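Trainee: Here you go, this is model.csv (CSV, C-alpha atoms).
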```csv
chain,number,residue,atom,x,y,z
W,1,MET,CA,0.0,0.0,0.0
W,2,SER,CA,1.4,3.4,-0.9
W,3,SER,CA,1.7,6.2,1.6
W,4,VAL,CA,0.5,9.7,0.8
W,5,GLY,CA,2.9,11.5,-1.5
W,6,GLU,CA,4.2,8.4,-3.4
W,7,PRO,CA,4.3,8.9,-7.2
W,8,GLU,CA,1.4,6.4,-7.8
W,9,GLU,CA,-0.8,8.1,-5.3
W,10,LEU,CA,0.0,11.5,-6.7
W,11,THR,CA,-0.7,10.4,-10.2
W,12,ALA,CA,-4.1,9.0,-9.1
W,13,ARG,CA,-4.9,12.3,-7.4
W,14,ASP,CA,-3.9,14.2,-10.5
W,15,ALA,CA,-6.3,12.1,-12.5
W,16,GLN,CA,-9.1,12.7,-10.0
W,17,ALA,CA,-8.5,16.4,-10.1
W,18,GLN,CA,-8.7,16.4,-13.9
W,19,ALA,CA,-11.9,14.4,-13.7
W,20,LYS,CA,-13.4,17.0,-11.4
W,21,ALA,CA,-12.4,19.7,-13.8
W,22,HIS,CA,-14.0,17.9,-16.7
W,23,ALA,CA,-17.1,17.3,-14.7
W,24,GLY,CA,-17.4,21.1,-14.0
W,25,ASP,CA,-16.3,20.9,-10.3
W,26,PHE,CA,-13.7,23.7,-10.8
W,27,ARG,CA,-13.6,24.6,-7.1
W,28,GLY,CA,-12.8,21.0,-6.1
W,29,ALA,CA,-10.3,20.6,-9.0
W,30,ALA,CA,-8.5,23.9,-8.1
W,31,ALA,CA,-8.3,22.8,-4.4
W,32,GLU,CA,-6.9,19.4,-5.4
W,33,PHE,CA,-4.4,20.9,-7.9
W,34,ARG,CA,-3.2,23.3,-5.2
W,35,ALA,CA,-2.7,20.5,-2.8
W,36,LEU,CA,-1.0,18.4,-5.5
W,37,ALA,CA,1.4,21.2,-6.3
W,38,ARG,CA,2.5,21.4,-2.6
W,39,ASP,CA,2.8,17.6,-2.5
W,40,TYR,CA,4.7,17.3,-5.8
W,41,THR,CA,7.0,20.1,-4.7
W,42,ARG,CA,7.7,18.3,-1.4
W,43,THR,CA,8.3,14.9,-3.0
W,44,ALA,CA,9.7,15.5,-6.5
W,45,GLY,CA,11.0,19.1,-6.1
W,46,ALA,CA,9.8,22.5,-7.4
W,47,ASP,CA,11.6,22.1,-10.7
W,48,ASP,CA,10.3,18.6,-11.6
W,49,PRO,CA,8.3,18.6,-14.8
W,50,ALA,CA,5.4,16.8,-13.0
W,51,THR,CA,5.2,19.7,-10.5
W,52,LEU,CA,5.3,22.2,-13.3
W,53,ALA,CA,2.5,20.3,-15.1
W,54,VAL,CA,0.3,20.3,-12.0
W,55,ARG,CA,0.8,24.1,-11.6
W,56,LEU,CA,-0.2,24.5,-15.3
W,57,ASN,CA,-3.4,22.5,-14.7
W,58,LEU,CA,-4.2,24.7,-11.7
W,59,ALA,CA,-3.9,27.8,-13.9
W,60,ARG,CA,-6.1,26.2,-16.6
W,61,VAL,CA,-8.8,25.3,-14.1
W,62,LEU,CA,-8.7,28.8,-12.5
W,63,GLY,CA,-9.0,30.3,-16.0
W,64,THR,CA,-11.9,28.0,-17.0
W,65,SER,CA,-13.7,29.0,-13.8
W,66,LYS,CA,-13.3,32.7,-14.8
W,67,GLN,CA,-10.9,33.4,-11.9
W,68,PHE,CA,-8.6,35.3,-14.3
W,69,GLY,CA,-6.7,37.3,-11.7
W,70,LYS,CA,-5.8,34.2,-9.6
W,71,ALA,CA,-4.9,32.3,-12.8
W,72,VAL,CA,-2.5,35.0,-13.8
W,73,GLU,CA,-1.0,34.9,-10.4
W,74,VAL,CA,-0.3,31.2,-10.8
W,75,CYS,CA,0.8,31.5,-14.5
W,76,GLU,CA,3.4,34.3,-14.1
W,77,PRO,CA,5.8,32.5,-11.7
W,78,LEU,CA,5.1,29.2,-13.5
W,79,LEU,CA,6.2,30.6,-16.8
W,80,ARG,CA,9.4,31.9,-15.2
W,81,ASP,CA,10.1,28.5,-13.7
W,82,GLN,CA,9.3,26.7,-16.9
W,83,VAL,CA,11.6,28.9,-19.0
W,84,ARG,CA,14.4,28.3,-16.5
W,85,VAL,CA,13.9,24.6,-16.2
W,86,LEU,CA,12.6,23.6,-19.7
W,87,GLY,CA,13.9,26.3,-22.0
W,88,PRO,CA,12.0,29.0,-23.9
W,89,GLU,CA,10.9,26.8,-26.8
W,90,HIS,CA,9.5,23.8,-24.9
W,91,ASP,CA,5.9,22.9,-25.7
W,92,ASP,CA,4.7,23.5,-22.2
W,93,VAL,CA,6.4,26.9,-22.1
W,94,LEU,CA,4.7,27.9,-25.4
W,95,GLU,CA,1.4,26.7,-24.1
W,96,THR,CA,1.8,28.6,-20.8
W,97,ARG,CA,2.6,31.8,-22.8
W,98,GLN,CA,-0.5,31.4,-24.9
W,99,LEU,CA,-2.6,30.7,-21.7
W,100,LEU,CA,-1.2,33.7,-19.9
W,101,ALA,CA,-2.0,36.0,-22.9
W,102,SER,CA,-5.5,34.6,-22.9
W,103,LEU,CA,-5.9,35.1,-19.2
W,104,ARG,CA,-4.6,38.6,-19.3
W,105,TYR,CA,-7.0,39.5,-22.1
W,106,SER,CA,-9.9,38.0,-20.2
W,107,ALA,CA,-8.9,40.0,-17.1
W,108,GLY,CA,-9.1,43.2,-19.2
W,109,ASP,CA,-5.3,43.6,-19.9
W,110,ALA,CA,-5.1,43.7,-23.7
W,111,ALA,CA,-1.7,45.4,-23.6
W,112,GLY,CA,-0.2,42.7,-21.3
W,113,ALA,CA,-1.8,40.0,-23.5
W,114,ALA,CA,-0.2,41.6,-26.6
W,115,GLU,CA,3.2,41.6,-24.8
W,116,ASP,CA,2.8,37.9,-23.9
W,117,LEU,CA,1.9,37.1,-27.5
W,118,GLU,CA,5.0,39.0,-28.7
W,119,GLN,CA,7.2,36.8,-26.5
W,120,LEU,CA,5.3,33.8,-27.8
W,121,LEU,CA,5.9,34.9,-31.4
W,122,THR,CA,9.6,35.3,-30.7
W,123,ALA,CA,9.8,31.8,-29.3
W,124,LEU,CA,7.7,30.3,-32.2
W,125,SER,CA,9.8,32.1,-34.7
W,126,ARG,CA,12.9,30.1,-33.5
W,127,VAL,CA,11.2,26.7,-34.0
W,128,LEU,CA,8.6,27.2,-36.8
W,129,MET,CA,8.8,28.4,-40.4
W,130,PRO,CA,7.7,32.1,-40.8
W,131,THR,CA,4.7,31.0,-42.8
W,132,HIS,CA,3.4,28.4,-40.3
W,133,ASP,CA,-0.3,28.7,-39.4
W,134,ARG,CA,0.4,29.2,-35.7
W,135,ILE,CA,2.8,32.1,-36.4
W,136,THR,CA,0.2,33.7,-38.7
W,137,LYS,CA,-2.5,33.3,-36.0
W,138,VAL,CA,-0.4,34.8,-33.3
W,139,LYS,CA,0.5,37.8,-35.5
W,140,ARG,CA,-3.2,38.3,-36.2
W,141,ASP,CA,-4.0,38.1,-32.5
W,142,ILE,CA,-1.3,40.7,-31.7
W,143,ALA,CA,-2.7,43.1,-34.3
W,144,PHE,CA,-6.2,42.7,-32.8
W,145,LEU,CA,-4.9,43.3,-29.3
W,146,ARG,CA,-2.9,46.4,-30.4
W,147,ARG,CA,-6.0,47.8,-31.9
W,148,ALA,CA,-7.9,47.1,-28.7
W,149,THR,CA,-5.5,49.1,-26.5
```
Let me see the file written as structure tokens.

Mentor:
Amino acid sequence: MSSVGEPEELTARDAQAQAKAHAGDFRGAAAEFRALARDYTRTAGADDPATLAVRLNLARVLGTSKQFGKAVEVCEPLLRDQVRVLGPEHDDVLETRQLLASLRYSAGDAAGAAEDLEQLLTALSRVLMPTHDRITKVKRDIAFLRRAT
């Protein structure tokens, strides 16, 4: 039998938190992701990719539940940690940059969202062709946000 905090138990709790989120229990999912982030940090370390993934899930759930300010507060330090640990072009970093821009826009910060998308564009430009659909979409989104400010 596993004790609390062992990898198998944490993985099971992560799956339960994700199931809560998919079922619409955002409050329960957020509480569980917060607890998981603490437990993963304690057992695997703050820089472990699993810990970073749980923090990303927390930000997603908070955003989905329209708690944009709280989600931004989770996302900002997460992004700094991801860049330091995973590198600026890692898929999770790119996803977090996109999420942070969306959260800022939803929170009413179009200028901040545009800045986040500019950083995303810089990272994408290092890994994708200039004509890639994702780059084209990010450029279009930046232009929209610049007009909105």

Trainee: Report the closest atom pair, with its distance in Å rounded to one decimal, for each residue of range 96-130 of chain W that has an atom no farther than 12 Å from range 37-57 of chain W; count only C-alpha atoms, sort by chain and then rising residue number, and write it as JSON lines.

Mentor:
```
{"residue": "W:Thr96", "atom": "CA", "partner": "W:Leu56", "partner_atom": "CA", "distance": 7.1}
{"residue": "W:Arg97", "atom": "CA", "partner": "W:Leu56", "partner_atom": "CA", "distance": 10.8}
{"residue": "W:Gln98", "atom": "CA", "partner": "W:Leu56", "partner_atom": "CA", "distance": 11.8}
{"residue": "W:Leu99", "atom": "CA", "partner": "W:Leu56", "partner_atom": "CA", "distance": 9.2}
{"residue": "W:Leu100", "atom": "CA", "partner": "W:Leu56", "partner_atom": "CA", "distance": 10.3}
```

Trainee: Considering only C-alpha atoms, can you say which of W:Met129, W:Leu86, W:Val72, W:Ala23 comes closest to Ala113 in chain W?

Mentor: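 Between W:Met129, W:Leu86, W:Val72, W:Ala23, the residue approaching Ala113 in chain W most closely is W:Val72.
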
Trainee: So what do you get for CA of Leu103 in chain W versus CA of Pro130 in chain W, distance-wise?

Mentor: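 CA of Pro130 in chain W lies at a distance of 25.7 Å from CA of Leu103 in chain W.
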
Trainee: Rank nothing, just name the residue among W:His90, W:Arg147, W:Lys20, W:Arg104 nearest to Glu73 in chain W, using all atoms listed in the file.

Mentor: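 Under the stated criterion, the closest residue is W:Arg104.
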
Trainee: Which residue gives the smallest distance to Ser106 in chain W among W:Lys139, W:Arg126, W:His22, W:Lys70, with all atoms listed in the file counted?

Mentor: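 Going through W:Lys139, W:Arg126, W:His22, W:Lys70 one by one, the smallest distance to Ser106 in chain W is for W:Lys70.
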
Trainee: Can you work out which one of W:Ile135, W:Val61, W:Leu94, W:Ala19 has the shortest atom-to-atom distance to Arg34 in chain W, counting only C-alpha atoms?

Mentor: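 Ranked by minimum distance to Arg34 in chain W, first place goes to W:Val61.
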
Trainee: Would you compute the distance between CA of Leu58 in chain W and CA of Tyr105 in chain W? Give it in Å to one decimal.

Mentor: 18.3 Å

Trainee: Measuring between only C-alpha atoms, which one of W:Leu62, W:Ala30, W:Leu36, W:Glu95 shows the shortest distance to Arg134 in chain W?

Mentor: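 Closest residue, counting only C-alpha atoms: W:Glu95.
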
Trainee: Rounded to one decimal place, report the CA of Phe26 in chain W-CA of Ala12 in chain W distance in Å.

Mentor: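 One can read the CA of Phe26 in chain W to CA of Ala12 in chain W distance as 17.6 Å.
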